[in-house]
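Shown next: input-v4.cif, containing mmCIF, C-alpha atoms, pLDDT in the B column; chains and numbers go by the auth columns.
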data_protein
#
loop_
_atom_site.group_PDB
_atom_site.id
_atom_site.type_symbol
_atom_site.label_atom_id
_atom_site.label_comp_id
_atom_site.label_asym_id
_atom_site.label_seq_id
_atom_site.Cartn_x
_atom_site.Cartn_y
_atom_site.Cartn_z
_atom_site.B_iso_or_equiv
_atom_site.auth_seq_id
_atom_site.auth_asym_id
ATOM 1 C CA MET A 1 -31.879 -76.452 8.223 62.00 1 A
ATOM 2 C CA LEU A 2 -32.645 -79.571 10.176 68.00 2 A
ATOM 3 C CA GLU A 3 -31.230 -77.882 13.270 70.00 3 A
ATOM 4 C CA GLN A 4 -33.637 -74.970 12.751 65.00 4 A
ATOM 5 C CA ILE A 5 -36.611 -77.318 12.446 67.00 5 A
ATOM 6 C CA GLU A 6 -35.545 -79.333 15.487 71.00 6 A
ATOM 7 C CA ALA A 7 -34.939 -76.192 17.553 69.00 7 A
ATOM 8 C CA ARG A 8 -38.376 -74.897 16.609 66.00 8 A
ATOM 9 C CA GLN A 9 -40.030 -78.161 17.640 70.00 9 A
ATOM 10 C CA ASN A 10 -38.214 -78.187 20.987 74.00 10 A
ATOM 11 C CA HIS A 11 -39.588 -74.817 22.137 78.00 11 A
ATOM 12 C CA PHE A 12 -43.119 -74.857 23.553 83.00 12 A
ATOM 13 C CA GLU A 13 -43.631 -71.138 22.949 80.00 13 A
ATOM 14 C CA VAL A 14 -42.683 -71.400 19.291 78.00 14 A
ATOM 15 C CA ARG A 15 -44.921 -74.421 18.742 81.00 15 A
ATOM 16 C CA LEU A 16 -47.790 -72.575 20.450 84.00 16 A
ATOM 17 C CA ALA A 17 -47.219 -69.466 18.337 82.00 17 A
ATOM 18 C CA ASP A 18 -47.111 -71.593 15.165 82.00 18 A
ATOM 19 C CA SER A 19 -50.371 -73.312 16.124 87.00 19 A
ATOM 20 C CA ILE A 20 -52.143 -70.055 16.915 88.00 20 A
ATOM 21 C CA THR A 21 -50.880 -68.420 13.716 86.00 21 A
ATOM 22 C CA ALA A 22 -51.992 -71.423 11.651 88.00 22 A
ATOM 23 C CA PHE A 23 -55.466 -71.298 13.215 91.00 23 A
ATOM 24 C CA ALA A 24 -55.747 -67.505 12.943 89.00 24 A
ATOM 25 C CA GLY A 25 -54.873 -67.710 9.265 88.00 25 A
ATOM 26 C CA SER A 26 -57.740 -70.079 8.472 92.00 26 A
ATOM 27 C CA MET A 27 -61.304 -69.543 7.349 94.00 27 A
ATOM 28 C CA LYS A 28 -62.470 -71.481 10.415 95.00 28 A
ATOM 29 C CA PHE A 29 -61.121 -68.607 12.529 93.00 29 A
ATOM 30 C CA VAL A 30 -63.068 -66.089 10.428 92.00 30 A
ATOM 31 C CA TYR A 31 -66.318 -68.058 10.643 95.00 31 A
ATOM 32 C CA ILE A 32 -66.055 -68.566 14.404 95.00 32 A
ATOM 33 C CA HIS A 33 -65.414 -64.866 14.977 92.00 33 A
ATOM 34 C CA ALA A 34 -68.197 -63.750 12.662 93.00 34 A
ATOM 35 C CA ILE A 35 -70.695 -66.008 14.462 94.00 35 A
ATOM 36 C CA ASP A 36 -69.417 -65.111 17.960 91.00 36 A
ATOM 37 C CA PHE A 37 -69.522 -61.373 17.296 90.00 37 A
ATOM 38 C CA ALA A 38 -72.963 -61.570 15.696 90.00 38 A
ATOM 39 C CA VAL A 39 -74.367 -63.513 18.671 91.00 39 A
ATOM 40 C CA TRP A 40 -72.700 -61.122 21.087 88.00 40 A
ATOM 41 C CA MET A 41 -73.982 -57.990 19.367 87.00 41 A
ATOM 42 C CA ILE A 42 -77.514 -59.289 18.728 88.00 42 A
ATOM 43 C CA PHE A 43 -78.340 -61.421 21.766 88.00 43 A
ATOM 44 C CA LEU A 44 -75.950 -60.862 24.678 86.00 44 A
ATOM 45 C CA GLU A 45 -75.181 -57.156 24.961 82.00 45 A
ATOM 46 C CA ARG A 46 -77.449 -54.176 24.825 83.00 46 A
ATOM 47 C CA ASP A 47 -74.531 -51.869 23.992 86.00 47 A
ATOM 48 C CA PRO A 48 -71.748 -54.183 22.707 83.00 48 A
ATOM 49 C CA TRP A 49 -69.460 -51.588 21.118 86.00 49 A
ATOM 50 C CA PRO A 50 -67.220 -50.568 24.038 88.00 50 A
ATOM 51 C CA LYS A 51 -66.483 -54.151 25.110 89.00 51 A
ATOM 52 C CA LEU A 52 -66.328 -55.394 21.548 88.00 52 A
ATOM 53 C CA THR A 53 -63.800 -52.710 20.661 90.00 53 A
ATOM 54 C CA LEU A 54 -61.668 -53.686 23.654 92.00 54 A
ATOM 55 C CA VAL A 55 -61.799 -57.403 22.839 90.00 55 A
ATOM 56 C CA VAL A 56 -61.039 -56.915 19.150 91.00 56 A
ATOM 57 C CA SER A 57 -58.155 -54.533 19.927 94.00 57 A
ATOM 58 C CA LEU A 58 -56.569 -56.950 22.394 93.00 58 A
ATOM 59 C CA GLU A 59 -56.998 -59.818 19.971 92.00 59 A
ATOM 60 C CA ALA A 60 -55.372 -57.785 17.191 93.00 60 A
ATOM 61 C CA ILE A 61 -52.397 -57.023 19.436 94.00 61 A
ATOM 62 C CA PHE A 62 -51.848 -60.683 20.240 91.00 62 A
ATOM 63 C CA LEU A 63 -52.421 -61.910 16.687 89.00 63 A
ATOM 64 C CA SER A 64 -49.983 -59.373 15.257 90.00 64 A
ATOM 65 C CA THR A 65 -47.408 -60.545 17.809 89.00 65 A
ATOM 66 C CA PHE A 66 -47.903 -64.175 16.741 85.00 66 A
ATOM 67 C CA VAL A 67 -47.567 -63.182 13.090 86.00 67 A
ATOM 68 C CA MET A 68 -44.302 -61.364 13.849 88.00 68 A
ATOM 69 C CA ILE A 69 -43.003 -64.416 15.724 85.00 69 A
ATOM 70 C CA GLY A 70 -43.798 -66.526 12.666 82.00 70 A
ATOM 71 C CA GLN A 71 -42.111 -64.030 10.346 86.00 71 A
ATOM 72 C CA ASN A 72 -38.996 -63.909 12.521 86.00 72 A
ATOM 73 C CA ARG A 73 -38.843 -67.689 12.577 81.00 73 A
ATOM 74 C CA ALA A 74 -39.295 -67.855 8.797 83.00 74 A
ATOM 75 C CA ALA A 75 -36.600 -65.200 8.296 88.00 75 A
ATOM 76 C CA ALA A 76 -34.158 -67.113 10.509 83.00 76 A
ATOM 77 C CA PHE A 77 -34.884 -70.310 8.588 83.00 77 A
ATOM 78 C CA GLN A 78 -34.405 -68.574 5.228 89.00 78 A
ATOM 79 C CA GLN A 79 -31.115 -67.045 6.397 89.00 79 A
ATOM 80 C CA ALA A 80 -29.825 -70.423 7.560 85.00 80 A
ATOM 81 C CA LYS A 81 -30.868 -71.944 4.227 88.00 81 A
ATOM 82 C CA ALA A 82 -29.202 -69.130 2.266 91.00 82 A
ATOM 83 C CA ASN A 83 -25.978 -69.582 4.250 91.00 83 A
ATOM 84 C CA HIS A 84 -26.037 -73.325 3.645 88.00 84 A
ATOM 85 C CA ASP A 85 -26.724 -72.871 -0.083 92.00 85 A
ATOM 86 C CA PHE A 86 -23.881 -70.348 -0.393 93.00 86 A
ATOM 87 C CA VAL A 87 -21.375 -72.745 1.155 93.00 87 A
ATOM 88 C CA GLU A 88 -22.592 -75.580 -1.078 94.00 88 A
ATOM 89 C CA GLN A 89 -22.308 -73.428 -4.218 95.00 89 A
ATOM 90 C CA GLU A 90 -18.818 -72.291 -3.296 94.00 90 A
ATOM 91 C CA GLN A 91 -17.735 -75.909 -2.818 95.00 91 A
ATOM 92 C CA GLU A 92 -19.305 -76.888 -6.125 95.00 92 A
ATOM 93 C CA LEU A 93 -17.588 -73.998 -7.914 95.00 93 A
ATOM 94 C CA SER A 94 -14.246 -75.001 -6.426 95.00 94 A
ATOM 95 C CA THR A 95 -14.763 -78.624 -7.469 95.00 95 A
ATOM 96 C CA ASN A 96 -15.769 -77.629 -11.005 95.00 96 A
ATOM 97 C CA THR A 97 -12.751 -75.344 -11.321 95.00 97 A
ATOM 98 C CA GLN A 98 -10.438 -78.126 -10.216 96.00 98 A
ATOM 99 C CA LEU A 99 -12.077 -80.592 -12.619 95.00 99 A
ATOM 100 C CA THR A 100 -11.667 -78.122 -15.475 96.00 100 A
ATOM 101 C CA ARG A 101 -7.967 -77.700 -14.659 95.00 101 A
ATOM 102 C CA GLU A 102 -7.439 -81.454 -14.496 95.00 102 A
ATOM 103 C CA THR A 103 -9.299 -81.948 -17.781 95.00 103 A
ATOM 104 C CA GLN A 104 -7.205 -79.263 -19.467 94.00 104 A
ATOM 105 C CA LYS A 105 -4.030 -80.894 -18.150 94.00 105 A
ATOM 106 C CA LEU A 106 -5.087 -84.321 -19.462 93.00 106 A
ATOM 107 C CA ILE A 107 -5.993 -82.867 -22.868 91.00 107 A
ATOM 108 C CA ARG A 108 -2.546 -81.271 -23.120 91.00 108 A
ATOM 109 C CA GLU A 109 -0.846 -84.534 -22.135 89.00 109 A
ATOM 110 C CA ILE A 110 -2.885 -86.594 -24.593 90.00 110 A
ATOM 111 C CA HIS A 111 -2.319 -84.091 -27.375 87.00 111 A
ATOM 112 C CA GLY A 112 1.390 -84.036 -26.640 85.00 112 A
ATOM 113 C CA ARG A 113 1.620 -87.846 -26.768 86.00 113 A
ATOM 114 C CA VAL A 114 -0.594 -88.379 -29.807 87.00 114 A
ATOM 115 C CA VAL A 115 0.672 -85.522 -31.916 83.00 115 A
ATOM 116 C CA GLY A 116 4.108 -85.563 -30.403 76.00 116 A
ATOM 117 C CA ASP A 117 4.255 -81.785 -30.569 64.00 117 A
ATOM 118 C CA PRO A 118 7.037 -80.612 -28.273 57.00 118 A
ATOM 119 C CA ALA A 119 5.746 -77.033 -28.645 58.00 119 A
ATOM 120 C CA ILE A 120 2.865 -77.882 -26.319 56.00 120 A
ATOM 121 C CA LYS A 121 4.323 -77.335 -22.917 58.00 121 A
ATOM 122 C CA PRO A 122 2.602 -77.665 -19.572 57.00 122 A
ATOM 123 C CA THR A 123 1.387 -74.359 -18.168 61.00 123 A
ATOM 124 C CA ALA A 124 1.691 -73.171 -14.610 61.00 124 A
ATOM 125 C CA ASP A 125 -1.883 -74.327 -14.015 58.00 125 A
ATOM 126 C CA ASP A 126 -1.007 -77.808 -15.312 55.00 126 A
ATOM 127 C CA ARG A 127 1.676 -78.227 -12.663 55.00 127 A
ATOM 128 C CA ARG A 128 -0.737 -77.709 -9.764 55.00 128 A
#

What do you get writing this file as structure tokens?
Amino acid sequence: MLEQIEARQNHFEVRLADSITAFAGSMKFVYIHAIDFAVWMIFLERDPWPKLTLVVSLEAIFLSTFVMIGQNRAAAFQQAKANHDFVEQEQELSTNTQLTRETQKLIREIHGRVVGDPAIKPTADDRR
């Protein structure tokens, strides 16, 4: 996971996309656009719709691209985390299984010594 974070910080394009996506997902972005478009439509252009449509369409194309970049990065991070967690859980399961076997072996040995019951014999698992 740390490698993913470090790799992300080392790429200018990814940092730029993250910054733009963070700004575009804020209310500041909404307020600035609402004010800019209102000023444009009311004061600057007599017929703002053709140019406004072009500008908004281009902006939507770029913003959707930045969002997809962010989603791809998040998906890659989640996959790396899932892989790491799987390996950790498998190691923990293996350790717990081994501890259970060792505990069972010790219980059998203690029982055999305390009770002195020769009928309690080590199992195949105990010999491992």

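Taking only C-alpha atoms into account, the protein, DNA and RNA residues within 9 Å of (-43.3, -66.7, 16.8) read Glu13, Val14, Arg15, Leu16, Ala17, Asp18, Thr21, Thr65, Phe66, Val67, Met68, Ile69, Gly70, Gln71, Asn72 and Arg73 of chain A.
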
Quote the spacing between atom CA of Ser57 of chain A and atom CA of Ile35 of chain A in Å to one decimal place.
17.9 Å

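Restricting the calculation to only C-alpha atoms, the smallest distance between Phe23 of chain A and any of A:Leu63, A:Ala75, A:Leu93, A:Val115 is found for A:Leu63.
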
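Atom to atom, atom CA of Asp85 of chain A and atom CA of Thr100 of chain A stand 22.2 Å apart.
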
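When atom CA of Trp49 of chain A is paired with atom CA of Lys28 of chain A, their separation reads 23.6 Å.
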
Box dimensions and centre (Å, one decimal) enclosing segment 36-44 of chain A, axis-aligned, 4 Å extra per side, as lines of an AutoDock Vina configuration file:
center_x = -73.9
center_y = -61.6
center_z = 20.2
size_x = 16.9
size_y = 15.1
size_z = 17.0

Minimum-distance residue to Gly25 of chain A, chosen among A:Ser64, A:Asn10, A:Leu99, A:Val56 (using only C-alpha atoms)
A:Ser64

Once you count only C-alpha atoms, which residues end up no further than 12 Å from (-5.2, -84.2, -21.0) in the file's frame, shown as a PyMOL selection string?
chain A and resi 99-114+120-122+126

Can you take the partial segment 102-119 of chain A, add N, CA, C and O atoms, and return it as an mmCIF file, in the coordinates of the input?
data_model
loop_
_atom_site.group_PDB
_atom_site.id
_atom_site.type_symbol
_atom_site.label_atom_id
_atom_site.label_comp_id
_atom_site.auth_asym_id
_atom_site.auth_seq_id
_atom_site.Cartn_x
_atom_site.Cartn_y
_atom_site.Cartn_z
ATOM 1 N N GLU A 102 -7.926 -80.091 -14.287
ATOM 2 C CA GLU A 102 -7.439 -81.454 -14.496
ATOM 3 C C GLU A 102 -7.743 -81.919 -15.921
ATOM 4 O O GLU A 102 -6.910 -82.577 -16.547
ATOM 5 N N THR A 103 -8.937 -81.576 -16.410
ATOM 6 C CA THR A 103 -9.299 -81.948 -17.781
ATOM 7 C C THR A 103 -8.373 -81.282 -18.786
ATOM 8 O O THR A 103 -7.897 -81.921 -19.739
ATOM 9 N N GLN A 104 -8.113 -79.992 -18.562
ATOM 10 C CA GLN A 104 -7.205 -79.263 -19.467
ATOM 11 C C GLN A 104 -5.814 -79.898 -19.441
ATOM 12 O O GLN A 104 -5.175 -80.065 -20.478
ATOM 13 N N LYS A 105 -5.355 -80.260 -18.286
ATOM 14 C CA LYS A 105 -4.030 -80.894 -18.150
ATOM 15 C C LYS A 105 -3.984 -82.222 -18.908
ATOM 16 O O LYS A 105 -3.026 -82.511 -19.635
ATOM 17 N N LEU A 106 -5.038 -83.036 -18.755
ATOM 18 C CA LEU A 106 -5.087 -84.321 -19.462
ATOM 19 C C LEU A 106 -5.149 -84.129 -20.973
ATOM 20 O O LEU A 106 -4.509 -84.873 -21.730
ATOM 21 N N ILE A 107 -5.903 -83.134 -21.429
ATOM 22 C CA ILE A 107 -5.993 -82.867 -22.868
ATOM 23 C C ILE A 107 -4.620 -82.505 -23.419
ATOM 24 O O ILE A 107 -4.212 -82.975 -24.478
ATOM 25 N N ARG A 108 -3.892 -81.648 -22.682
ATOM 26 C CA ARG A 108 -2.546 -81.271 -23.120
ATOM 27 C C ARG A 108 -1.621 -82.495 -23.173
ATOM 28 O O ARG A 108 -0.834 -82.658 -24.103
ATOM 29 N N GLU A 109 -1.695 -83.341 -22.157
ATOM 30 C CA GLU A 109 -0.846 -84.534 -22.135
ATOM 31 C C GLU A 109 -1.176 -85.466 -23.284
ATOM 32 O O GLU A 109 -0.280 -85.980 -23.969
ATOM 33 N N ILE A 110 -2.471 -85.699 -23.507
ATOM 34 C CA ILE A 110 -2.885 -86.594 -24.593
ATOM 35 C C ILE A 110 -2.468 -86.012 -25.940
ATOM 36 O O ILE A 110 -1.920 -86.719 -26.796
ATOM 37 N N HIS A 111 -2.693 -84.738 -26.111
ATOM 38 C CA HIS A 111 -2.319 -84.091 -27.375
ATOM 39 C C HIS A 111 -0.805 -84.181 -27.597
ATOM 40 O O HIS A 111 -0.336 -84.462 -28.703
ATOM 41 N N GLY A 112 -0.068 -83.952 -26.532
ATOM 42 C CA GLY A 112 1.390 -84.036 -26.640
ATOM 43 C C GLY A 112 1.850 -85.433 -26.996
ATOM 44 O O GLY A 112 2.811 -85.610 -27.757
ATOM 45 N N ARG A 113 1.207 -86.469 -26.478
ATOM 46 C CA ARG A 113 1.620 -87.846 -26.768
ATOM 47 C C ARG A 113 1.157 -88.306 -28.151
ATOM 48 O O ARG A 113 1.895 -89.008 -28.847
ATOM 49 N N VAL A 114 -0.057 -87.926 -28.521
ATOM 50 C CA VAL A 114 -0.594 -88.379 -29.807
ATOM 51 C C VAL A 114 0.062 -87.635 -30.950
ATOM 52 O O VAL A 114 0.522 -88.217 -31.925
ATOM 53 N N VAL A 115 0.109 -86.336 -30.845
ATOM 54 C CA VAL A 115 0.672 -85.522 -31.916
ATOM 55 C C VAL A 115 2.186 -85.483 -31.805
ATOM 56 O O VAL A 115 2.894 -85.358 -32.808
ATOM 57 N N GLY A 116 2.678 -85.604 -30.627
ATOM 58 C CA GLY A 116 4.108 -85.563 -30.403
ATOM 59 C C GLY A 116 4.674 -84.168 -30.612
ATOM 60 O O GLY A 116 5.824 -84.018 -30.988
ATOM 61 N N ASP A 117 3.857 -83.187 -30.366
ATOM 62 C CA ASP A 117 4.255 -81.785 -30.569
ATOM 63 C C ASP A 117 4.996 -81.295 -29.337
ATOM 64 O O ASP A 117 4.392 -81.083 -28.286
ATOM 65 N N PRO A 118 6.285 -81.089 -29.432
ATOM 66 C CA PRO A 118 7.037 -80.612 -28.273
ATOM 67 C C PRO A 118 6.740 -79.149 -27.965
ATOM 68 O O PRO A 118 7.101 -78.654 -26.908
ATOM 69 N N ALA A 119 6.063 -78.443 -28.887
ATOM 70 C CA ALA A 119 5.746 -77.033 -28.645
ATOM 71 C C ALA A 119 4.677 -76.887 -27.568
ATOM 72 O O ALA A 119 4.540 -75.831 -26.960
#
